[in-house]
Amino acid sequence: MKRTAMELAALASAAMPGLDIVQAAAFPDDSRAFDSAIVTDTDNNHWRVRSPRNSQAAFRLETEIQVLSGFTPAIRAHLPFRVPSVAGAVQIDSLRTFIYHQMPGQPVDLDTITGAENQTIDDIGRIVAAIHKLPQSVVETADLPAYSAEQLRSRSLSELDQIALTGKVPSVLLRRWENAFEERQMWTFTPRVVHGDFDEASLLIDRNRAVGVTAWTDLHIGDPAQDFIWLASTDSLEFREALISAYHRHMDLPADYVDLHILRRAALAAEFSLAKYLMSGINASNNEVVAEAQAMLDELASDIAATGGQDIGQRFWESTPEPTAPADTASQYTQDNALADEESVAASNAATTSGASAEDEEAEHTDKTPTDEALATQTAHEELPELQRPEAEEDGAELLVHSLGDDNQIIPHQPTTQASAEDEDTQPISWQDVRENLDAD
């Protein structure tokens, strides 16, 4: 049952005996859950009245009272915004209506915030950052839930399965959401204290400054992106980027800890909230809500088909490296083998010129697998000091052997003469002879 502003004023008088109310006006709120009004007394004091419309909304209000009790004077003193305080309560039909001290400022619509000056945008970024840096004791004191990143991802996938079974959601949306929930890189955030219901309606603006935050019914530890879902409703990319930049600046985190995917998860949550709204209508057997949710989902599917929709993290930020074609590798491998074959042929020709036998040449070219003996020979070649490698054989180079005198002095090799022709140790020899001697050893 919906209550008028005057009815809420009467409830405020019942909750606070002696309160003399002279004026009452409706106040923006979640119309599906709450009735709200601002009442003014004879001393020109302003009070906010908030009344639940159902048991679920009543539970949320009771939760808010627990949350506000956790905001100790020390915590409130360090916040860059004001938080409501409860002045009284009255119970009607098992549902309690609460009266709060009214804070300065008024909610403004999203279009007005989108066109706000830079100072207002910076205020909002600072406020959200301050909420996310609240001590976890605020949540623990109120016995509120805490979720890890993986728990939230798994929970969303489970909800998606239930939503798919209804048959009322376009398949393009189901596939889109599943791909985003499966993208683990997007779900590696640090859980923080989250307002849970932050939007333009819960933000109080006074003379272009953001000064207060209301609606503390969904506080928990979870995904920081939850407090940016409302940004999905604006088409101003410039505003979104300016706000998230201000938020990151006031979070003052090292570069490695900056949540690069926060807006993607926020856009995903905004889309997925339509499916959750559908499920709420189905569970409540509310055909009007079901029809409204289906219409919004169909409109979303059409928008995505036409424009691609917002980036919800489906690998749009990852660059795909160009794969290396197997043909290129095979081509390089063929070229390397061709060069090796040319060197082998050249070495073979040089060996033939030096007098290698036909049988040795055939063995060298047909045995493609190097044996242990051949490997040992190659190692010996590489370890010979101050000697040219066998590549020099292609130029017809010869190995000159010097002799060692009795006083251990090197006697340089002398050109071949008839007298020394009989001394084979002082004659020029080829690398082929060296190979044969090493093989014999």
# chains A, B, ... in the order shown; residues from 1 in each chain; ligands from 1
call {"tool": "residues_around", "arguments": {"residues": "Ala267 in chain A", "least_positions_apart": "6", "cutoff": "8 Å", "atoms": "only C-alpha atoms", "output": "list in words"}}
result
Ile229, Leu231, Ala232, Gln310, Asp311 and Ile312 of chain A
call {"tool": "write_last_selection", "arguments": {"atoms": "N, CA, C and O atoms", "output": "PDB file, in the first residue's frame"}}
result
ATOM      1  N   ILE A 229      27.267   0.736 -11.378  1.00  0.00           N
ATOM      2  CA  ILE A 229      26.256   0.217 -12.298  1.00  0.00           C
ATOM      3  C   ILE A 229      25.441   1.354 -12.907  1.00  0.00           C
ATOM      4  O   ILE A 229      25.080   1.325 -14.087  1.00  0.00           O
ATOM      5  N   LEU A 231      26.256   4.113 -13.957  1.00  0.00           N
ATOM      6  CA  LEU A 231      26.903   4.804 -15.076  1.00  0.00           C
ATOM      7  C   LEU A 231      26.499   4.212 -16.421  1.00  0.00           C
ATOM      8  O   LEU A 231      26.634   4.866 -17.455  1.00  0.00           O
ATOM      9  N   ALA A 232      26.016   2.965 -16.414  1.00  0.00           N
ATOM     10  CA  ALA A 232      25.615   2.337 -17.673  1.00  0.00           C
ATOM     11  C   ALA A 232      24.394   3.033 -18.284  1.00  0.00           C
ATOM     12  O   ALA A 232      24.107   2.844 -19.469  1.00  0.00           O
ATOM     13  N   GLN A 310      27.560  -2.173 -24.965  1.00  0.00           N
ATOM     14  CA  GLN A 310      28.717  -1.724 -24.196  1.00  0.00           C
ATOM     15  C   GLN A 310      29.714  -2.857 -24.038  1.00  0.00           C
ATOM     16  O   GLN A 310      29.375  -4.039 -24.121  1.00  0.00           O
ATOM     17  N   ASP A 311      30.958  -2.469 -23.792  1.00  0.00           N
ATOM     18  CA  ASP A 311      32.033  -3.442 -23.579  1.00  0.00           C
ATOM     19  C   ASP A 311      31.840  -4.091 -22.213  1.00  0.00           C
ATOM     20  O   ASP A 311      31.914  -3.437 -21.182  1.00  0.00           O
ATOM     21  N   ILE A 312      31.552  -5.386 -22.209  1.00  0.00           N
ATOM     22  CA  ILE A 312      31.370  -6.087 -20.933  1.00  0.00           C
ATOM     23  C   ILE A 312      32.462  -7.123 -20.708  1.00  0.00           C
ATOM     24  O   ILE A 312      32.256  -8.116 -20.000  1.00  0.00           O
TER      25      ILE A 312
END
call {"tool": "atom_distance", "arguments": {"atom1": "CA of Asp206 in chain A", "atom2": "CA of Leu79 in chain A"}}
result
16.7 Å
call {"tool": "residues_around", "arguments": {"residues": "range 234-251 of chain A", "least_positions_apart": "6", "cutoff": "12 Å", "atoms": "only C-alpha atoms", "output": "PDB file with C-alpha atoms, in the first residue's frame"}}
result
ATOM      1  CA  PRO A  80      34.279  13.315   2.976  1.00  0.00           C
ATOM      2  CA  ASP A 109      18.700  13.442 -12.044  1.00  0.00           C
ATOM      3  CA  LEU A 110      21.368  11.644 -14.045  1.00  0.00           C
ATOM      4  CA  ASP A 111      21.335  14.148 -16.915  1.00  0.00           C
ATOM      5  CA  THR A 112      22.129  16.955 -14.468  1.00  0.00           C
ATOM      6  CA  ILE A 113      25.004  14.989 -12.923  1.00  0.00           C
ATOM      7  CA  THR A 114      26.343  14.059 -16.355  1.00  0.00           C
ATOM      8  CA  GLY A 115      26.568  17.738 -17.244  1.00  0.00           C
ATOM      9  CA  ALA A 116      28.015  18.739 -13.868  1.00  0.00           C
ATOM     10  CA  GLU A 117      31.235  20.687 -13.532  1.00  0.00           C
ATOM     11  CA  ASN A 118      34.559  19.008 -12.830  1.00  0.00           C
ATOM     12  CA  GLN A 119      34.418  19.725  -9.091  1.00  0.00           C
ATOM     13  CA  THR A 120      31.180  17.750  -8.735  1.00  0.00           C
ATOM     14  CA  ILE A 121      32.608  14.822 -10.673  1.00  0.00           C
ATOM     15  CA  ASP A 122      35.717  14.851  -8.508  1.00  0.00           C
ATOM     16  CA  ASP A 123      33.514  14.899  -5.377  1.00  0.00           C
ATOM     17  CA  ILE A 124      31.647  11.792  -6.542  1.00  0.00           C
ATOM     18  CA  GLY A 125      34.880   9.965  -7.319  1.00  0.00           C
ATOM     19  CA  ARG A 126      36.219  10.871  -3.872  1.00  0.00           C
ATOM     20  CA  ILE A 127      33.004   9.704  -2.157  1.00  0.00           C
ATOM     21  CA  VAL A 128      32.947   6.286  -3.857  1.00  0.00           C
ATOM     22  CA  ALA A 129      36.655   5.808  -3.107  1.00  0.00           C
ATOM     23  CA  ALA A 130      36.024   6.663   0.556  1.00  0.00           C
ATOM     24  CA  ILE A 131      33.240   4.066   0.728  1.00  0.00           C
ATOM     25  CA  HIS A 132      35.494   1.412  -0.784  1.00  0.00           C
ATOM     26  CA  LYS A 133      38.186   2.250   1.775  1.00  0.00           C
ATOM     27  CA  LEU A 134      35.860   1.906   4.766  1.00  0.00           C
ATOM     28  CA  ARG A 192      36.013  -4.085  -0.910  1.00  0.00           C
ATOM     29  CA  ASP A 199      23.242   5.902  -7.793  1.00  0.00           C
ATOM     30  CA  GLU A 200      22.097   9.469  -8.490  1.00  0.00           C
ATOM     31  CA  PRO A 224      33.562  -2.410  -6.317  1.00  0.00           C
ATOM     32  CA  ALA A 225      31.940  -2.296  -9.757  1.00  0.00           C
ATOM     33  CA  ASP A 227      28.732   1.113  -7.135  1.00  0.00           C
ATOM     34  CA  PHE A 228      29.207   2.092 -10.790  1.00  0.00           C
ATOM     35  CA  TYR A 257      46.521  -2.769  -8.151  1.00  0.00           C
ATOM     36  CA  VAL A 258      44.335  -0.541 -10.336  1.00  0.00           C
ATOM     37  CA  ASP A 259      41.123  -2.328 -11.343  1.00  0.00           C
ATOM     38  CA  LEU A 260      41.218  -1.968 -15.128  1.00  0.00           C
ATOM     39  CA  HIS A 261      37.974  -3.885 -15.692  1.00  0.00           C
ATOM     40  CA  ILE A 262      35.714  -2.171 -13.176  1.00  0.00           C
ATOM     41  CA  LEU A 263      33.551  -0.384 -15.763  1.00  0.00           C
ATOM     42  CA  ARG A 264      33.208  -3.571 -17.824  1.00  0.00           C
ATOM     43  CA  ALA A 266      29.590  -2.547 -14.030  1.00  0.00           C
ATOM     44  CA  ALA A 267      28.113  -2.636 -17.547  1.00  0.00           C
ATOM     45  CA  ALA A 270      23.605  -3.441 -15.378  1.00  0.00           C
ATOM     46  CA  GLY A 309      26.361  -2.768 -26.954  1.00  0.00           C
ATOM     47  CA  GLN A 310      28.717  -1.724 -24.196  1.00  0.00           C
ATOM     48  CA  ASP A 311      32.033  -3.442 -23.579  1.00  0.00           C
TER      49      ASP A 311
END
call {"tool": "closest_residue", "arguments": {"among": "A:Leu297, A:Ala146, A:Met6, A:Val86", "to": "Gln66 in chain A", "atoms": "only C-alpha atoms"}}
result
A:Val86
call {"tool": "residues_around", "arguments": {"residues": "range 174-191 of chain A", "least_positions_apart": "4", "cutoff": "8 Å", "atoms": "only C-alpha atoms", "output": "list in words"}}
result
Tyr147, Ser148, Ala149, Glu150, Arg153, Ser156, Leu157, Leu160, Ala164, Val169, Pro170, Ile221, Gly222, Asp223, Pro224, Asp259, His261, Arg265, Leu268, Phe272, Ile312, Gly313, Gln314 and Arg315 of chain A
call {"tool": "write_last_selection", "arguments": {"atoms": "N, CA and C atoms", "output": "PDB file, in the first residue's frame"}}
result
ATOM      1  N   TYR A 147      31.800 -11.428   0.034  1.00  0.00           N
ATOM      2  CA  TYR A 147      31.981 -12.340  -1.087  1.00  0.00           C
ATOM      3  C   TYR A 147      33.362 -12.138  -1.714  1.00  0.00           C
ATOM      4  N   SER A 148      33.970 -13.234  -2.123  1.00  0.00           N
ATOM      5  CA  SER A 148      35.214 -13.159  -2.886  1.00  0.00           C
ATOM      6  C   SER A 148      34.874 -12.977  -4.362  1.00  0.00           C
ATOM      7  N   ALA A 149      35.879 -12.657  -5.159  1.00  0.00           N
ATOM      8  CA  ALA A 149      35.656 -12.473  -6.599  1.00  0.00           C
ATOM      9  C   ALA A 149      35.155 -13.763  -7.239  1.00  0.00           C
ATOM     10  N   GLU A 150      35.750 -14.880  -6.874  1.00  0.00           N
ATOM     11  CA  GLU A 150      35.349 -16.164  -7.461  1.00  0.00           C
ATOM     12  C   GLU A 150      33.948 -16.559  -7.009  1.00  0.00           C
ATOM     13  N   ARG A 153      31.541 -14.613  -9.157  1.00  0.00           N
ATOM     14  CA  ARG A 153      31.510 -15.131 -10.528  1.00  0.00           C
ATOM     15  C   ARG A 153      30.718 -16.435 -10.594  1.00  0.00           C
ATOM     16  N   SER A 156      27.003 -15.847 -10.106  1.00  0.00           N
ATOM     17  CA  SER A 156      26.369 -15.279 -11.303  1.00  0.00           C
ATOM     18  C   SER A 156      26.128 -16.355 -12.362  1.00  0.00           C
ATOM     19  N   LEU A 157      27.079 -17.262 -12.527  1.00  0.00           N
ATOM     20  CA  LEU A 157      26.898 -18.354 -13.490  1.00  0.00           C
ATOM     21  C   LEU A 157      25.735 -19.260 -13.085  1.00  0.00           C
ATOM     22  N   LEU A 160      22.619 -17.487 -13.907  1.00  0.00           N
ATOM     23  CA  LEU A 160      22.420 -17.503 -15.355  1.00  0.00           C
ATOM     24  C   LEU A 160      21.774 -18.811 -15.805  1.00  0.00           C
ATOM     25  N   ALA A 164      18.261 -19.036 -17.771  1.00  0.00           N
ATOM     26  CA  ALA A 164      18.147 -19.673 -19.087  1.00  0.00           C
ATOM     27  C   ALA A 164      16.980 -20.657 -19.134  1.00  0.00           C
ATOM     28  N   VAL A 169      14.541 -15.213 -22.053  1.00  0.00           N
ATOM     29  CA  VAL A 169      15.657 -14.300 -22.309  1.00  0.00           C
ATOM     30  C   VAL A 169      16.248 -14.615 -23.679  1.00  0.00           C
ATOM     31  N   PRO A 170      16.453 -13.622 -24.538  1.00  0.00           N
ATOM     32  CA  PRO A 170      17.046 -13.868 -25.864  1.00  0.00           C
ATOM     33  C   PRO A 170      18.372 -14.615 -25.750  1.00  0.00           C
ATOM     34  N   ILE A 221      30.633  -6.618   1.530  1.00  0.00           N
ATOM     35  CA  ILE A 221      31.977  -6.699   0.958  1.00  0.00           C
ATOM     36  C   ILE A 221      31.874  -7.485  -0.344  1.00  0.00           C
ATOM     37  N   GLY A 222      32.273  -6.874  -1.423  1.00  0.00           N
ATOM     38  CA  GLY A 222      32.113  -7.529  -2.715  1.00  0.00           C
ATOM     39  C   GLY A 222      32.802  -6.776  -3.835  1.00  0.00           C
ATOM     40  N   ASP A 223      32.140  -6.738  -4.990  1.00  0.00           N
ATOM     41  CA  ASP A 223      32.710  -6.161  -6.204  1.00  0.00           C
ATOM     42  C   ASP A 223      32.553  -4.635  -6.203  1.00  0.00           C
ATOM     43  N   PRO A 224      33.662  -3.884  -6.258  1.00  0.00           N
ATOM     44  CA  PRO A 224      33.562  -2.410  -6.317  1.00  0.00           C
ATOM     45  C   PRO A 224      32.769  -1.907  -7.511  1.00  0.00           C
ATOM     46  N   ASP A 259      42.124  -1.427 -10.757  1.00  0.00           N
ATOM     47  CA  ASP A 259      41.123  -2.328 -11.343  1.00  0.00           C
ATOM     48  C   ASP A 259      40.772  -1.828 -12.743  1.00  0.00           C
ATOM     49  N   HIS A 261      39.204  -3.340 -15.115  1.00  0.00           N
ATOM     50  CA  HIS A 261      37.974  -3.885 -15.692  1.00  0.00           C
ATOM     51  C   HIS A 261      36.725  -3.494 -14.919  1.00  0.00           C
ATOM     52  N   ARG A 265      32.732  -4.690 -15.731  1.00  0.00           N
ATOM     53  CA  ARG A 265      31.876  -5.480 -14.839  1.00  0.00           C
ATOM     54  C   ARG A 265      30.627  -4.690 -14.454  1.00  0.00           C
ATOM     55  N   LEU A 268      28.250  -5.046 -17.318  1.00  0.00           N
ATOM     56  CA  LEU A 268      27.713  -6.413 -17.292  1.00  0.00           C
ATOM     57  C   LEU A 268      26.641  -6.538 -16.211  1.00  0.00           C
ATOM     58  N   PHE A 272      22.741  -7.583 -16.621  1.00  0.00           N
ATOM     59  CA  PHE A 272      22.289  -8.790 -15.924  1.00  0.00           C
ATOM     60  C   PHE A 272      21.184  -8.463 -14.914  1.00  0.00           C
ATOM     61  N   ILE A 312      31.552  -5.386 -22.209  1.00  0.00           N
ATOM     62  CA  ILE A 312      31.370  -6.087 -20.933  1.00  0.00           C
ATOM     63  C   ILE A 312      32.462  -7.123 -20.708  1.00  0.00           C
ATOM     64  N   GLY A 313      33.641  -6.897 -21.314  1.00  0.00           N
ATOM     65  CA  GLY A 313      34.792  -7.711 -20.952  1.00  0.00           C
ATOM     66  C   GLY A 313      35.041  -8.942 -21.769  1.00  0.00           C
ATOM     67  N   GLN A 314      34.465  -9.039 -22.957  1.00  0.00           N
ATOM     68  CA  GLN A 314      34.646 -10.237 -23.757  1.00  0.00           C
ATOM     69  C   GLN A 314      35.925 -10.151 -24.584  1.00  0.00           C
ATOM     70  N   ARG A 315      37.065 -10.064 -23.888  1.00  0.00           N
ATOM     71  CA  ARG A 315      38.393 -10.041 -24.498  1.00  0.00           C
ATOM     72  C   ARG A 315      38.606  -8.843 -25.429  1.00  0.00           C
TER      73      ARG A 315
END
call {"tool": "residues_around", "arguments": {"residues": "Ser302 in chain A", "least_positions_apart": "5", "cutoff": "12 Å", "atoms": "only C-alpha atoms", "output": "compact mmCIF listing (two decimals) with N, CA, C and O atoms, in the first residue's frame"}}
result
# COMPACT_ATOMS: atom_id res chain seq x y z
N PRO A 170 16.45 -13.62 -24.54
CA PRO A 170 17.05 -13.87 -25.86
C PRO A 170 18.37 -14.62 -25.75
O PRO A 170 19.20 -14.30 -24.88
N SER A 171 18.57 -15.58 -26.62
CA SER A 171 19.77 -16.42 -26.55
C SER A 171 21.05 -15.61 -26.75
O SER A 171 22.09 -15.94 -26.20
N VAL A 172 20.96 -14.52 -27.53
CA VAL A 172 22.15 -13.70 -27.75
C VAL A 172 22.64 -13.10 -26.45
O VAL A 172 23.86 -12.95 -26.24
N LEU A 173 21.72 -12.77 -25.55
CA LEU A 173 22.11 -12.22 -24.25
C LEU A 173 22.69 -13.30 -23.35
O LEU A 173 23.68 -13.07 -22.64
N ALA A 295 10.27 -7.01 -22.07
CA ALA A 295 10.35 -5.90 -23.03
C ALA A 295 11.71 -5.23 -22.97
O ALA A 295 12.31 -4.91 -24.02
N MET A 296 12.23 -5.02 -21.77
CA MET A 296 13.54 -4.39 -21.62
C MET A 296 14.65 -5.30 -22.14
O MET A 296 15.62 -4.83 -22.76
N LEU A 297 14.53 -6.60 -21.92
CA LEU A 297 15.54 -7.54 -22.42
C LEU A 297 15.52 -7.60 -23.94
O LEU A 297 16.59 -7.66 -24.58
N THR A 307 24.26 -2.08 -32.44
CA THR A 307 25.44 -1.27 -32.10
C THR A 307 26.59 -2.07 -31.48
O THR A 307 27.69 -1.54 -31.33
N GLY A 308 26.33 -3.29 -31.07
CA GLY A 308 27.36 -4.07 -30.38
C GLY A 308 27.28 -3.93 -28.88
O GLY A 308 27.90 -4.71 -28.14
N GLY A 309 26.52 -2.94 -28.40
CA GLY A 309 26.36 -2.77 -26.95
C GLY A 309 27.63 -2.27 -26.28
O GLY A 309 28.65 -1.99 -26.92
call {"tool": "closest_residue", "arguments": {"among": "A:Val67, A:Ala306, A:Val213, A:Ile163", "to": "Tyr277 in chain A", "atoms": "only C-alpha atoms"}}
result
A:Ile163
call {"tool": "atom_distance", "arguments": {"atom1": "CA of Asp197 in chain A", "atom2": "CA of Phe81 in chain A"}}
result
16.2 Å
call {"tool": "residues_around", "arguments": {"residues": "Ser69 in chain A", "least_positions_apart": "6", "cutoff": "12 Å", "atoms": "only C-alpha atoms", "output": "ChimeraX atom specification"}}
result
/A:62-63,75-76,83-86,137-143,216
call {"tool": "write_last_selection", "arguments": {"atoms": "all heavy atoms", "output": "compact mmCIF listing (two decimals), in the first residue's frame"}}
result
# COMPACT_ATOMS: atom_id res chain seq x y z
N GLU A 62 15.83 -2.45 8.17
CA GLU A 62 16.41 -2.91 9.43
C GLU A 62 17.93 -3.08 9.28
O GLU A 62 18.70 -2.78 10.20
CB GLU A 62 15.77 -4.23 9.86
CG GLU A 62 14.29 -4.15 10.18
CD GLU A 62 13.98 -3.36 11.44
OE1 GLU A 62 14.92 -3.13 12.24
OE2 GLU A 62 12.82 -2.97 11.63
N THR A 63 18.33 -3.54 8.11
CA THR A 63 19.76 -3.68 7.83
C THR A 63 20.45 -2.33 7.83
O THR A 63 21.55 -2.17 8.35
CB THR A 63 19.98 -4.38 6.46
OG1 THR A 63 19.38 -5.67 6.48
CG2 THR A 63 21.46 -4.51 6.16
N ILE A 75 34.63 7.26 12.65
CA ILE A 75 34.54 6.97 11.22
C ILE A 75 33.84 8.10 10.49
O ILE A 75 34.29 8.55 9.41
CB ILE A 75 33.78 5.63 11.00
CG1 ILE A 75 34.61 4.46 11.52
CG2 ILE A 75 33.46 5.44 9.52
CD1 ILE A 75 33.93 3.12 11.40
N ARG A 76 32.76 8.61 11.04
CA ARG A 76 32.03 9.71 10.40
C ARG A 76 32.91 10.94 10.23
O ARG A 76 32.81 11.67 9.24
CB ARG A 76 30.79 10.06 11.22
CG ARG A 76 29.68 9.00 11.19
CD ARG A 76 28.56 9.36 12.16
NE ARG A 76 27.52 8.34 12.19
CZ ARG A 76 26.35 8.45 11.53
NH1 ARG A 76 26.10 9.52 10.80
NH2 ARG A 76 25.45 7.49 11.63
N VAL A 83 26.56 11.06 6.52
CA VAL A 83 25.80 9.82 6.58
C VAL A 83 24.58 10.05 7.45
O VAL A 83 24.67 10.76 8.47
CB VAL A 83 26.67 8.68 7.15
CG1 VAL A 83 25.87 7.41 7.31
CG2 VAL A 83 27.88 8.43 6.25
N PRO A 84 23.42 9.49 7.09
CA PRO A 84 22.21 9.72 7.89
C PRO A 84 22.34 9.21 9.33
O PRO A 84 23.12 8.31 9.63
CB PRO A 84 21.14 8.92 7.14
CG PRO A 84 21.69 8.72 5.77
CD PRO A 84 23.17 8.64 5.92
N SER A 85 21.54 9.79 10.20
CA SER A 85 21.42 9.30 11.58
C SER A 85 19.93 9.18 11.90
O SER A 85 19.12 10.01 11.46
CB SER A 85 22.11 10.24 12.56
OG SER A 85 21.59 11.55 12.46
N VAL A 86 19.56 8.14 12.65
CA VAL A 86 18.16 7.84 12.94
C VAL A 86 17.69 8.66 14.14
O VAL A 86 18.36 8.72 15.18
CB VAL A 86 17.97 6.35 13.20
CG1 VAL A 86 16.50 6.05 13.52
CG2 VAL A 86 18.42 5.54 11.99
N SER A 137 35.17 -3.62 9.44
CA SER A 137 34.43 -3.76 10.69
C SER A 137 33.02 -3.18 10.58
O SER A 137 32.10 -3.62 11.29
CB SER A 137 35.19 -3.07 11.83
OG SER A 137 35.36 -1.68 11.56
N VAL A 138 32.83 -2.19 9.70
CA VAL A 138 31.49 -1.62 9.50
C VAL A 138 30.54 -2.70 9.00
O VAL A 138 29.37 -2.77 9.40
CB VAL A 138 31.55 -0.44 8.51
CG1 VAL A 138 30.15 0.08 8.20
CG2 VAL A 138 32.41 0.68 9.07
N VAL A 139 31.03 -3.56 8.11
CA VAL A 139 30.22 -4.66 7.58
C VAL A 139 30.09 -5.78 8.60
O VAL A 139 29.01 -6.35 8.79
CB VAL A 139 30.84 -5.18 6.27
CG1 VAL A 139 30.10 -6.42 5.76
CG2 VAL A 139 30.84 -4.09 5.21
N GLU A 140 31.19 -6.09 9.26
CA GLU A 140 31.18 -7.20 10.22
C GLU A 140 30.28 -6.90 11.41
O GLU A 140 29.59 -7.79 11.92
CB GLU A 140 32.61 -7.48 10.68
CG GLU A 140 33.51 -7.98 9.55
CD GLU A 140 34.98 -7.97 9.92
OE1 GLU A 140 35.29 -7.45 11.02
OE2 GLU A 140 35.80 -8.46 9.13
N THR A 141 30.28 -5.64 11.87
CA THR A 141 29.44 -5.26 13.01
C THR A 141 27.96 -5.47 12.70
O THR A 141 27.18 -5.90 13.56
CB THR A 141 29.69 -3.78 13.39
OG1 THR A 141 31.06 -3.63 13.74
CG2 THR A 141 28.81 -3.36 14.54
N ALA A 142 27.57 -5.19 11.48
CA ALA A 142 26.18 -5.37 11.07
C ALA A 142 25.87 -6.79 10.63
O ALA A 142 24.75 -7.07 10.21
CB ALA A 142 25.86 -4.38 9.96
N ASP A 143 26.86 -7.67 10.72
CA ASP A 143 26.70 -9.08 10.32
C ASP A 143 26.19 -9.19 8.88
O ASP A 143 25.26 -9.93 8.57
CB ASP A 143 25.73 -9.79 11.27
CG ASP A 143 25.82 -11.31 11.15
OD1 ASP A 143 26.88 -11.81 10.72
OD2 ASP A 143 24.82 -12.00 11.49
N TRP A 216 21.57 3.17 2.75
CA TRP A 216 22.61 2.22 3.14
C TRP A 216 22.02 0.85 3.48
O TRP A 216 22.33 0.24 4.49
CB TRP A 216 23.39 2.76 4.33
CG TRP A 216 24.17 3.99 4.00
CD1 TRP A 216 23.75 5.28 4.03
CD2 TRP A 216 25.54 4.03 3.58
NE1 TRP A 216 24.74 6.14 3.64
CE2 TRP A 216 25.87 5.39 3.36
CE3 TRP A 216 26.52 3.04 3.37
CZ2 TRP A 216 27.13 5.80 2.95
CZ3 TRP A 216 27.77 3.46 2.95
CH2 TRP A 216 28.07 4.81 2.74
call {"tool": "select_by_dssp", "arguments": {"residues": "range 99-280 of chain A", "states": "helix (DSSP H, G or I)", "output": "PyMOL selection string"}}
result
chain A and resi 110-114+118-132+137-141+149-166+171-182+184-187+200-202+224-233+237-251+255-257+262-280
call {"tool": "decode", "arguments": {"residues": "range 116-120 of chain A", "atoms": "all heavy atoms", "output": "PDB file, in the first residue's frame"}}
result
ATOM      1  N   ALA A 116      27.477  17.981 -15.000  1.00  0.00           N
ATOM      2  CA  ALA A 116      28.015  18.739 -13.868  1.00  0.00           C
ATOM      3  C   ALA A 116      29.442  19.199 -14.151  1.00  0.00           C
ATOM      4  O   ALA A 116      30.139  18.672 -15.029  1.00  0.00           O
ATOM      5  CB  ALA A 116      27.978  17.894 -12.604  1.00  0.00           C
ATOM      6  N   GLU A 117      29.882  20.177 -13.380  1.00  0.00           N
ATOM      7  CA  GLU A 117      31.235  20.687 -13.532  1.00  0.00           C
ATOM      8  C   GLU A 117      32.246  19.704 -12.942  1.00  0.00           C
ATOM      9  O   GLU A 117      31.881  18.754 -12.229  1.00  0.00           O
ATOM     10  CB  GLU A 117      31.355  22.052 -12.859  1.00  0.00           C
ATOM     11  CG  GLU A 117      30.980  22.057 -11.394  1.00  0.00           C
ATOM     12  CD  GLU A 117      30.931  23.466 -10.818  1.00  0.00           C
ATOM     13  OE1 GLU A 117      30.384  24.368 -11.487  1.00  0.00           O
ATOM     14  OE2 GLU A 117      31.461  23.657  -9.711  1.00  0.00           O
ATOM     15  N   ASN A 118      33.511  19.947 -13.231  1.00  0.00           N
ATOM     16  CA  ASN A 118      34.559  19.008 -12.830  1.00  0.00           C
ATOM     17  C   ASN A 118      34.626  18.805 -11.318  1.00  0.00           C
ATOM     18  O   ASN A 118      34.933  17.710 -10.846  1.00  0.00           O
ATOM     19  CB  ASN A 118      35.911  19.495 -13.351  1.00  0.00           C
ATOM     20  CG  ASN A 118      35.997  19.444 -14.864  1.00  0.00           C
ATOM     21  OD1 ASN A 118      35.290  18.658 -15.496  1.00  0.00           O
ATOM     22  ND2 ASN A 118      36.848  20.257 -15.446  1.00  0.00           N
ATOM     23  N   GLN A 119      34.349  19.841 -10.546  1.00  0.00           N
ATOM     24  CA  GLN A 119      34.418  19.725  -9.091  1.00  0.00           C
ATOM     25  C   GLN A 119      33.399  18.715  -8.567  1.00  0.00           C
ATOM     26  O   GLN A 119      33.695  17.912  -7.679  1.00  0.00           O
ATOM     27  CB  GLN A 119      34.173  21.087  -8.444  1.00  0.00           C
ATOM     28  CG  GLN A 119      34.268  21.075  -6.923  1.00  0.00           C
ATOM     29  CD  GLN A 119      35.633  20.635  -6.425  1.00  0.00           C
ATOM     30  OE1 GLN A 119      36.630  21.311  -6.666  1.00  0.00           O
ATOM     31  NE2 GLN A 119      35.698  19.503  -5.745  1.00  0.00           N
ATOM     32  N   THR A 120      32.206  18.705  -9.141  1.00  0.00           N
ATOM     33  CA  THR A 120      31.180  17.750  -8.735  1.00  0.00           C
ATOM     34  C   THR A 120      31.598  16.325  -9.068  1.00  0.00           C
ATOM     35  O   THR A 120      31.428  15.403  -8.258  1.00  0.00           O
ATOM     36  CB  THR A 120      29.838  18.075  -9.412  1.00  0.00           C
ATOM     37  OG1 THR A 120      29.495  19.436  -9.171  1.00  0.00           O
ATOM     38  CG2 THR A 120      28.735  17.165  -8.898  1.00  0.00           C
TER      39      THR A 120
END
